[in-house]
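> Below you'll find the structure I mean.
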Amino acid sequence: MRLTDASVAIRPRSPWEALDLGILLARRHAGLLMASWALVTLPVFALLSVLLWNHSGWAVLLFWWLKPAFERLPLYILSRALFDDTPSLKQALRAFPGLLRNQLLPSLLWRRFSPTRSFDLPVLQLEGLKGQARSQRLVVLGQRNAGGATWLTMIGMHFELALWLGLSVLLYLLLPQQWVTDWKWQSLLSLANGEWAWMEHLSNLIYALLLIVWEPVYVACGFTLYLNRRTELEAWDIELVLRRLRQRLIGSAYALLLVAAACLAPLPGSSTWAAEQPGNSCPLPDQNPNGPQASRLQNQRLNSDQSRHAAEAILAAPPFRNSETVTRWRLGDPAKDKTKSSKDDEQSLKRFFEALEHWQAFKYVAQIIEVLLWGALLSVVALLIWRYREWLRLFAGRIGLPQRPRREVPSVLFGLELAPETLPDDVASEAERLWDEQPRAALGLLYRALLSRLLHDFRVPLRDSTTEGEVMARVETLDNPPLDSFTRTLTLHWQALAYGHRTPQDDLKQQLCEQWRSLFGNEVRA
């Protein structure tokens with residue numbers, strides 16, 4: 001495999017871009033891929049349909065099950081075509097039987113339902129790995145792009161199903177009208193008896209034909225995902241850049257060598273250097289008086305035992321070994337004493353706990369301690385809830401838990417200011433003062449003060465959209481007849497003045513102000 005011969009740009013890509021590259025690669029060699037797939041799969045489909053004519057479902061199921069075996073042929077073509085060695089149709093068909101020899105049964109059995117089948121196939125077919133080596137290789141490659149291969153399989157399944165159903169419906173629409181009008185549910189159910197078996201086999205043929213178009217694309221996309229992962233792991237793009245740089249440097253290196261040779265040509269020949277060489281050469285090992293062949297080393301007699309004893313004597317002497325004798329007093333055997341003391345401790349501890357079980361006072365103390373601990377725990381939990389109550393309220397609102405709605409008191413109702421601080425200290429006296437000159441302002445003051453009292457004193461739920469009639473209806477629920485009578489009288493006269501422009505009678509001033517004083521007194525709540 002020569003990366004410089006690749007027919008596509010070798011560079012790291014995202015998984016979706018790698019899938020797009022697979023579609024383009026399959027489209028470039030669509031004729032060869034579709035023809036080879038048809039010549040291999042259609043005879044197998046015809047044979048299964050003939051053998052299982054009365055069981056068309058089993059025929060298409062077996063044909064679908066053999067897809068991993070058929071997918072090896074498109075991968076062989078694409079792997080050769082990627083490096084400008086596209087095989088002919090005859091060469092591809094001749095190589096197909098040899099592609100089935102490598103781990104065909106595992107591909108059709110426990111690996112059949114692998115969602116990354118298209119991504120794993122190049123490891124088996126192109127790298128020739130199996131066993132533990134294959135598993136380790138798939139773990140390394142599957143750290144990235146395996147998700148894209150899984151999505152490719154899932155989308156491919158739905159794509160096949162959609163095309164199959166669509167073409168089957170198209171086939172039904174192309175049937176003659178006189179056939180369709182005579183169909184009944186009984187005739188459709190009789191397909192299982194073989195009367196309309198040719199229809200099911202025709203539907204199966206549609207599935208086999210759509211695989212001619214889709215399966216080469218599926219294999220090509222898995223192959224480009226595999227190439228993309230190897231490009232990331234092995235830095236193929238960097239290798240290609242270095243190779244191009246090397247080719248450019250080699251061309252200029254020849255010129256540099258020629259220039260260097262031309263510059264060295266005027267220098268003296270090698271005879272001058274050879275003449276000066278012997279005087280400065282080092283002596284040979286045999287001629288060296290201190291070498292291993294010296295006479296003083298040839299006369300020594302030392303066998304292996306003597307050398308071992310001499311080495312041991314050197315290692316036994318200081319500074320390699322320093323022996324020291326320590327004398328001390330001890331009582332008994334430490335190991336036995338330790339075992340005996342541990343057993344005594346266990347027995348004493350056991351007797352202590354047995355005594356605690358029979359001590360009633362200890363039980364009461366233990367219960368008190370337990371109650372105190374639980375109380376402390378609950379207190380800490382309550383303190384935390386109180387401390388972070390705002391955060392918990394916000395959290396409960398985010399996850400959608402039901403919350404007690406917060407009642408908002410309107411500050412303005414019917415265009416009237418309802419805040420207590422906007423009202424005079426003595427509402428009745430102020431209304432009497434304004435009545436003669438400004439009856440509308442006096443009546444409005446009484447009505448505004450009434451609404452303020454209802455909101456802040458009686459906690460009547462009023463909103464911006466509340467009408468005068470709704471105010472009277474809610475005052476009735478307070479079970480306060482004097483307040484209900486005053487509210488009804490004041491509201492009716494306020495409506496007559498505000499909407500009908502009818503001035504109130506003079507005797508109404510004394511009546512309303514006296515009722516106000518009897519209900520609320522002379523002060524306004526701040």
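Please note that chains go A, B, ... in the order of the structure tokens, that every chain numbers its residues from 1, and that ligands are numbered from 1 in the order shown.
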Quick one: everything within 10 Å of Arg117 in chain A, counting only C-alpha atoms, minus sequence neighbours fewer than 6 positions away in the same chain. Send it as a ChimeraX atom specification.

/A:68,71,107,111,146,149-150,152-153,219,222

> Just want the 12 Å neighbourhood of Gly57 in chain A, counted on only C-alpha atoms, with same-chain residues fewer than 3 positions away dropped. Output as an mmCIF file with N, CA and C atoms, in the first residue's frame.


data_model
loop_
_atom_site.group_PDB
_atom_site.id
_atom_site.type_symbol
_atom_site.label_atom_id
_atom_site.label_comp_id
_atom_site.auth_asym_id
_atom_site.auth_seq_id
_atom_site.Cartn_x
_atom_site.Cartn_y
_atom_site.Cartn_z
ATOM 1 N N LEU A 48 -32.239 -19.701 -3.868
ATOM 2 C CA LEU A 48 -33.020 -19.775 -2.631
ATOM 3 C C LEU A 48 -34.512 -19.690 -2.918
ATOM 4 N N SER A 49 -34.914 -18.860 -3.881
ATOM 5 C CA SER A 49 -36.334 -18.732 -4.202
ATOM 6 C C SER A 49 -36.884 -20.015 -4.809
ATOM 7 N N LEU A 52 -37.028 -22.707 -1.959
ATOM 8 C CA LEU A 52 -38.013 -22.378 -0.923
ATOM 9 C C LEU A 52 -39.174 -21.606 -1.537
ATOM 10 N N TRP A 53 -39.746 -22.154 -2.607
ATOM 11 C CA TRP A 53 -40.802 -21.441 -3.313
ATOM 12 C C TRP A 53 -42.045 -21.252 -2.446
ATOM 13 N N ASN A 54 -42.387 -22.243 -1.667
ATOM 14 C CA ASN A 54 -43.560 -22.157 -0.794
ATOM 15 C C ASN A 54 -43.254 -21.499 0.546
ATOM 16 N N VAL A 60 -36.073 -14.958 1.711
ATOM 17 C CA VAL A 60 -35.518 -13.621 1.853
ATOM 18 C C VAL A 60 -34.734 -13.486 3.159
ATOM 19 N N LEU A 61 -35.119 -14.231 4.181
ATOM 20 C CA LEU A 61 -34.376 -14.185 5.439
ATOM 21 C C LEU A 61 -32.974 -14.761 5.260
ATOM 22 N N LEU A 62 -32.867 -15.901 4.580
ATOM 23 C CA LEU A 62 -31.538 -16.481 4.327
ATOM 24 C C LEU A 62 -30.712 -15.573 3.440
ATOM 25 N N PHE A 63 -31.341 -14.956 2.449
ATOM 26 C CA PHE A 63 -30.601 -14.041 1.582
ATOM 27 C C PHE A 63 -30.086 -12.840 2.384
ATOM 28 N N TRP A 64 -30.926 -12.330 3.283
ATOM 29 C CA TRP A 64 -30.493 -11.213 4.136
ATOM 30 C C TRP A 64 -29.370 -11.653 5.074
ATOM 31 N N LEU A 191 -52.251 -16.170 0.556
ATOM 32 C CA LEU A 191 -50.876 -16.132 0.068
ATOM 33 C C LEU A 191 -50.044 -17.224 0.703
ATOM 34 N N ALA A 192 -50.365 -17.535 1.968
ATOM 35 C CA ALA A 192 -49.594 -18.569 2.653
ATOM 36 C C ALA A 192 -49.803 -19.932 2.025
ATOM 37 N N ALA A 197 -47.990 -16.837 -4.265
ATOM 38 C CA ALA A 197 -46.588 -16.869 -3.835
ATOM 39 C C ALA A 197 -45.694 -16.054 -4.751
ATOM 40 N N MET A 199 -46.264 -13.235 -5.920
ATOM 41 C CA MET A 199 -46.252 -11.854 -5.485
ATOM 42 C C MET A 199 -45.210 -11.630 -4.385
ATOM 43 N N GLU A 200 -45.118 -12.546 -3.447
ATOM 44 C CA GLU A 200 -44.135 -12.424 -2.378
ATOM 45 C C GLU A 200 -42.718 -12.546 -2.928
ATOM 46 N N HIS A 201 -42.522 -13.459 -3.864
ATOM 47 C CA HIS A 201 -41.184 -13.582 -4.448
ATOM 48 C C HIS A 201 -40.834 -12.351 -5.278
ATOM 49 N N LEU A 202 -41.831 -11.751 -5.884
ATOM 50 C CA LEU A 202 -41.571 -10.512 -6.615
ATOM 51 C C LEU A 202 -41.191 -9.386 -5.645
ATOM 52 N N SER A 203 -41.842 -9.353 -4.483
ATOM 53 C CA SER A 203 -41.466 -8.372 -3.457
ATOM 54 C C SER A 203 -40.053 -8.649 -2.936
ATOM 55 N N ASN A 204 -39.711 -9.928 -2.781
ATOM 56 C CA ASN A 204 -38.344 -10.276 -2.371
ATOM 57 C C ASN A 204 -37.333 -9.861 -3.431
ATOM 58 N N LEU A 205 -37.698 -9.989 -4.703
ATOM 59 C CA LEU A 205 -36.804 -9.576 -5.777
ATOM 60 C C LEU A 205 -36.553 -8.067 -5.725
#

> Considering only C-alpha atoms, can you say which of A:Gln367, A:Gln132, A:Thr231, A:Asn102 comes closest to Ile10 in chain A?

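Ranked by minimum distance to Ile10 in chain A, first place goes to A:Thr231.
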
> Could you tell me how far CA of Thr466 in chain A sits from CA of Ser485 in chain A, in Å to one decimal place?

19.5 Å

> Find the residues near Met472 in chain A: any atom within 12 Å, counting only C-alpha atoms, skip ones fewer than 2 places away on the same chain, and give them as JSON, numbers by chain.

{"A": [450, 451, 454, 460, 462, 466, 467, 468, 469, 470, 474, 475, 476, 477, 478, 479, 480, 481, 483, 484, 485, 486, 487, 488, 489, 490, 491, 492]}

> Take the residues from that selection and put them in a file with C-alpha atoms, as a compact mmCIF listing (two decimals), in the first residue's frame.


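Listed below is the output, selection_3.txt:
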# COMPACT_ATOMS: atom_id res chain seq x y z
CA LEU A 450 -62.52 50.39 50.61
CA LEU A 451 -60.52 48.45 48.00
CA LEU A 454 -60.18 44.68 51.31
CA VAL A 460 -59.46 39.54 49.50
CA LEU A 462 -58.20 41.00 43.84
CA THR A 466 -61.30 42.04 38.68
CA THR A 467 -64.55 43.90 38.03
CA GLU A 468 -66.79 45.77 40.47
CA GLY A 469 -69.31 42.94 40.43
CA GLU A 470 -66.61 40.40 41.29
CA ARG A 474 -66.09 38.20 47.04
CA VAL A 475 -67.13 40.51 49.87
CA GLU A 476 -70.26 38.37 50.30
CA THR A 477 -68.03 35.37 51.07
CA LEU A 478 -66.51 37.19 54.07
CA ASP A 479 -69.78 36.71 56.04
CA ASN A 480 -69.76 40.32 57.23
CA PRO A 481 -73.24 41.88 56.61
CA LEU A 483 -69.31 45.40 55.24
CA ASP A 484 -71.36 43.73 52.51
CA SER A 485 -74.10 46.41 52.73
CA PHE A 486 -71.59 49.25 52.71
CA THR A 487 -69.68 47.76 49.76
CA ARG A 488 -72.84 47.26 47.71
CA THR A 489 -74.17 50.79 48.36
CA LEU A 490 -70.81 52.46 47.67
CA THR A 491 -70.16 50.40 44.53
CA LEU A 492 -73.57 51.13 42.99

> Which neighbours of Gln91 in chain A fall inside 12 Å, counting only C-alpha atoms, when residues of the same chain fewer than 2 positions from it are skipped, and could you give them as a list in words?

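Residues near the query, excluding close chain neighbours: Leu32, Ser36, Leu73, Tyr76, Ile77, Arg80, Asp85, Thr86, Pro87, Ser88, Leu89, Leu93, Arg94, Ala95, Phe96, Pro97 and Gly98 of chain A.
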
> From the list A:Gln505, A:Gln125, A:Ser118, A:Asn322, which residue is nearest Cys221 in chain A when using only C-alpha atoms?

A:Ser118

> Pick out the residues sitting within 10 Å of range 412-429 of chain A, and hand them over as a PyMOL selection string; count only C-alpha atoms, and ignore anything fewer than 5 positions along from it in its own chain.

chain A and resi 434-435+442+444-456+462-468+509-510+512-517+520-526

> So that I have them on file, write out the residues from the current selection with C-alpha atoms, as a compact mmCIF listing (two decimals), in the first residue's frame.


# COMPACT_ATOMS: atom_id res chain seq x y z
CA LEU A 434 -64.55 67.15 49.35
CA TRP A 435 -68.20 66.19 48.93
CA ALA A 442 -65.05 62.21 47.56
CA GLY A 444 -63.68 57.94 44.57
CA LEU A 445 -61.73 58.38 47.81
CA LEU A 446 -64.19 56.22 49.74
CA TYR A 447 -64.17 53.52 47.07
CA ARG A 448 -60.38 53.56 46.81
CA ALA A 449 -60.03 53.28 50.58
CA LEU A 450 -62.52 50.39 50.61
CA LEU A 451 -60.52 48.45 48.00
CA SER A 452 -57.29 49.10 49.93
CA ARG A 453 -58.89 47.76 53.13
CA LEU A 454 -60.18 44.68 51.31
CA LEU A 455 -56.72 43.96 49.90
CA HIS A 456 -54.54 44.59 52.94
CA LEU A 462 -58.20 41.00 43.84
CA ARG A 463 -56.41 41.25 40.51
CA ASP A 464 -56.03 43.82 37.77
CA SER A 465 -58.79 42.12 35.80
CA THR A 466 -61.30 42.04 38.68
CA THR A 467 -64.55 43.90 38.03
CA GLU A 468 -66.79 45.77 40.47
CA LYS A 509 -72.63 61.81 52.25
CA GLN A 510 -73.64 61.44 55.89
CA LEU A 512 -71.54 56.61 53.78
CA CYS A 513 -69.19 58.47 56.10
CA GLU A 514 -70.99 57.16 59.23
CA GLN A 515 -70.88 53.61 57.89
CA TRP A 516 -67.14 54.01 57.19
CA ARG A 517 -66.45 55.19 60.73
CA PHE A 520 -62.98 51.05 60.06
CA GLY A 521 -62.74 53.91 62.54
CA ASN A 522 -60.89 57.13 61.79
CA GLU A 523 -57.43 55.75 61.00
CA VAL A 524 -55.89 54.14 57.98
CA ARG A 525 -53.55 51.19 58.50
CA ALA A 526 -50.00 52.09 57.48

> Report as a VMD selection string all protein, DNA and RNA residues lying within 12 Å of Ala81 in chain A, evaluated on only C-alpha atoms, omitting residues in the same chain fewer than 5 positions from it.

chain A and resid 1 5 to 8 25 to 26 28 to 30 32 to 33 74 to 76 86 to 88 92 220
